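Trainee: Take this structure first; my questions come after.
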Amino acid sequence: MRSIHHRLSTCRKAGVTLVVAMLAGSAGALAAEKAAGADDHSAHQGQAAHEMSANDLAILRQKIPLYRQYTDAQINEGMARMVDLEVYLSPAGVRNEVGVLALGHGYKEPGNTFFVGAFKPVAGKYPTAAGLGMAMMSSGHIQAAVDQLEKAGAKTIVALPTEVGDDTSLIRQWSYIFGLSDESAYLDVPRVKSTAKILMARTPTASPIIGEILADYAKSAMRDAKDEVAMLVVHGPQEAEDNLKLLKILAGHAATVKAATGLSEVYYDSLQDDAPTAIRTANVNRMRDWISKHTAAGHRVIVLQAIMTGQGGVSGRLRRDFDGLSYDLVDKGFTEHPLFDRWIDATVTAELARAASLAPGVR
């Protein structure tokens, strides 16, 4: 599949609409992106320049501890490098009273291409649009995606928050945007307006399908189970309480991988990529110690990632974090695996069934 960048000039002919919504950002993608917890969003379409007010900067620092490490100039520079995307995925002839809205963090290429590719099958059945980006300073890309779905006949929209973790700042921001929460995680961006009924699903994080995908990725890297161990690493939320909730879910997936592969140990841990540097550094050092211990014992170490798309910022930072160690990284995300389509179909079906069983006006 050609990348989103490559398709930009021909997207009209292909029946795909791209709308670039400026003034966007990421909780970890700051100007000081070489520091802990900074995803590189420069690969998104175009660039944005926006000078935030002193009040905006104060709000972000209050809500996001990592931002307290940066100067105003660094934060503004980081925001200027990022944009959000709306991508309409369905062919022109697809019309349905049900629409699908794929919400994603936004990724460095080929991540965006992997992400939208995962939704191509469902896009042939239901009008489907993707809203990619953190929506820190704007919700325009999400509003544009909803508008496109309504134009295609959607009266009910199933929003799929395709993020790792149900308790993250990004999930809270999306909840605010759809009126499901009174408090934003970042800035108070405009809320989405729609005549359609919008159903917000849970993320794929706890789905058994994720455990199956991770087990399959582990098998693809294995040579001899008796001499190998695996580490499952996640980007992780900022807050300690949210991180503990995610680690409990990872424990289940690690057990699935161990049972399916016969590996002697499957360890799991969280980078907390967007947490203050001291917290992230402690997490990295703990993982380095684990890898070193097993290498010294003669084990081959396989590193799996609980991420949506591979070959991006998280993978790049992980390589720097583990520099000098002996390990093999499986640089693939969930959306790249054919089983992910099963999660999309099952979730859309379940949300529609849930909505049918609820009283009018209940989401």
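In the structure tokens, the first chain shown is A, the next is B, and so on; residue numbers restart at 1 for each chain, and ligands run from 1 in the order shown.
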Name the residues in contact with Met287 in chain A at a cut-off of 10 Å, using only C-alpha atoms, excluding same-chain residues fewer than 4 positions from it; report them as a JSON list (two decimals) with C-alpha atoms, in the first residue's frame.
Mentor:
[["chain", "number", "residue", "atom", "x", "y", "z"],
["A", 231, "MET", "CA", 9.63, -8.93, 27.21],
["A", 233, "VAL", "CA", 6.75, -3.39, 26.46],
["A", 267, "TYR", "CA", 8.02, -10.33, 31.35],
["A", 268, "TYR", "CA", 5.92, -7.19, 30.89],
["A", 269, "ASP", "CA", 6.56, -3.55, 31.72],
["A", 270, "SER", "CA", 5.61, 0.03, 30.84],
["A", 271, "LEU", "CA", 7.82, 2.85, 29.61],
["A", 281, "THR", "CA", 14.37, 6.60, 33.14],
["A", 282, "ALA", "CA", 13.70, 4.36, 36.15],
["A", 283, "ASN", "CA", 11.39, 2.20, 34.01],
["A", 291, "ILE", "CA", 17.56, -7.98, 29.60],
["A", 292, "SER", "CA", 21.13, -7.99, 30.96],
["A", 293, "LYS", "CA", 20.26, -10.64, 33.54],
["A", 321, "ASP", "CA", 16.90, 2.97, 25.40],
["A", 322, "PHE", "CA", 18.30, -0.53, 24.91]]
Trainee: For Gly117 in chain A, work out the shell of residues within 12 Å, counting only C-alpha atoms and skipping chain neighbours fewer than 5 positions away, then give it as a PyMOL selection string.
Mentor: chain A and resi 1-4+87-90+102+110-112+122-124+128-130+309+334-338+340-341
Trainee: Would you mind listing, for every residue of range 45-136 of chain A within 10 Å of range 277-280 of chain A, the two atoms forming the shortest contact and the distance between them in Å to one decimal, using only C-alpha atoms, sorted by chain and ascending residue number, as CSV?
Mentor:
residue,atom,partner,partner_atom,distance
A:Pro65,CA,A:Thr277,CA,9.9
A:Leu66,CA,A:Thr277,CA,7.4
A:Gln69,CA,A:Thr277,CA,8.7
Trainee: Mind dumping the selected residues with C-alpha atoms as a tab-separated table (two decimals), in the first residue's frame?
Mentor:
chain	number	residue	atom	x	y	z
A	65	PRO	CA	3.62	16.97	34.31
A	66	LEU	CA	6.08	16.34	31.48
A	69	GLN	CA	10.26	20.46	32.01
Trainee: CA of Ser357 in chain A and CA of Val192 in chain A, how far apart in Å?
Mentor: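 Atom-to-atom, CA of Val192 in chain A to CA of Ser357 in chain A, that is 24.6 Å.
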Trainee: Distance CA of Pro237 in chain A-CA of Val301 in chain A, one decimal place?
Mentor: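 Computed distance, CA of Pro237 in chain A to CA of Val301 in chain A, equals 24.8 Å.
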Trainee: Among the residues of range 110-359 of chain A, find those DSSP assigns to strand (DSSP E or B) from the backbone and print them as a PyMOL selection string.
Mentor: chain A and resi 128-132+156-161+197-200+228-234+266-270+300-306+328-329
Trainee: Okay, now the selection with C-alpha atoms, as a PDB file, in the first residue's frame?
Mentor:
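Just written: selection.pdb:
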ATOM      1  CA  THR A 128     -15.722   4.782   7.558  1.00  0.00           C
ATOM      2  CA  ALA A 129     -13.488   7.723   8.402  1.00  0.00           C
ATOM      3  CA  ALA A 130     -10.341   8.047  10.499  1.00  0.00           C
ATOM      4  CA  GLY A 131      -9.452  10.888  12.837  1.00  0.00           C
ATOM      5  CA  LEU A 132      -5.722  10.769  13.524  1.00  0.00           C
ATOM      6  CA  THR A 156     -25.433   5.928  14.200  1.00  0.00           C
ATOM      7  CA  ILE A 157     -21.634   6.252  14.404  1.00  0.00           C
ATOM      8  CA  VAL A 158     -19.504   3.685  16.208  1.00  0.00           C
ATOM      9  CA  ALA A 159     -16.343   5.419  17.433  1.00  0.00           C
ATOM     10  CA  LEU A 160     -13.423   3.030  17.847  1.00  0.00           C
ATOM     11  CA  PRO A 161     -10.717   4.533  20.093  1.00  0.00           C
ATOM     12  CA  LYS A 197     -26.057   8.883  17.659  1.00  0.00           C
ATOM     13  CA  ILE A 198     -22.410   8.343  18.572  1.00  0.00           C
ATOM     14  CA  LEU A 199     -21.410   5.142  20.374  1.00  0.00           C
ATOM     15  CA  MET A 200     -17.982   5.174  22.018  1.00  0.00           C
ATOM     16  CA  GLU A 228      14.496 -17.831  24.871  1.00  0.00           C
ATOM     17  CA  VAL A 229      12.535 -15.336  26.944  1.00  0.00           C
ATOM     18  CA  ALA A 230      10.320 -12.424  25.925  1.00  0.00           C
ATOM     19  CA  MET A 231       9.634  -8.929  27.212  1.00  0.00           C
ATOM     20  CA  LEU A 232       6.332  -7.174  26.442  1.00  0.00           C
ATOM     21  CA  VAL A 233       6.752  -3.386  26.457  1.00  0.00           C
ATOM     22  CA  VAL A 234       4.007  -0.762  26.329  1.00  0.00           C
ATOM     23  CA  VAL A 266       7.352 -13.527  29.427  1.00  0.00           C
ATOM     24  CA  TYR A 267       8.018 -10.332  31.354  1.00  0.00           C
ATOM     25  CA  TYR A 268       5.919  -7.186  30.895  1.00  0.00           C
ATOM     26  CA  ASP A 269       6.559  -3.545  31.722  1.00  0.00           C
ATOM     27  CA  SER A 270       5.607   0.026  30.843  1.00  0.00           C
ATOM     28  CA  ARG A 300      18.028 -14.979  23.774  1.00  0.00           C
ATOM     29  CA  VAL A 301      15.728 -12.033  24.536  1.00  0.00           C
ATOM     30  CA  ILE A 302      12.751 -11.208  22.284  1.00  0.00           C
ATOM     31  CA  VAL A 303      11.153  -7.791  22.781  1.00  0.00           C
ATOM     32  CA  LEU A 304       7.466  -7.456  21.852  1.00  0.00           C
ATOM     33  CA  GLN A 305       5.640  -4.128  21.750  1.00  0.00           C
ATOM     34  CA  ALA A 306       2.048  -3.442  22.760  1.00  0.00           C
ATOM     35  CA  ASP A 328      15.692  -8.982  19.075  1.00  0.00           C
ATOM     36  CA  LEU A 329      12.889  -6.443  18.600  1.00  0.00           C
TER      37      LEU A 329
END
Trainee: Go through A:Ala346, A:Met222, A:Val330, A:Ile59 one by one, measure the shortest atom-to-atom distance of each to Pro208 in chain A using only C-alpha atoms, and give the residue with the smallest value.
Mentor: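 Smallest distance to Pro208 in chain A is found for A:Ala346.
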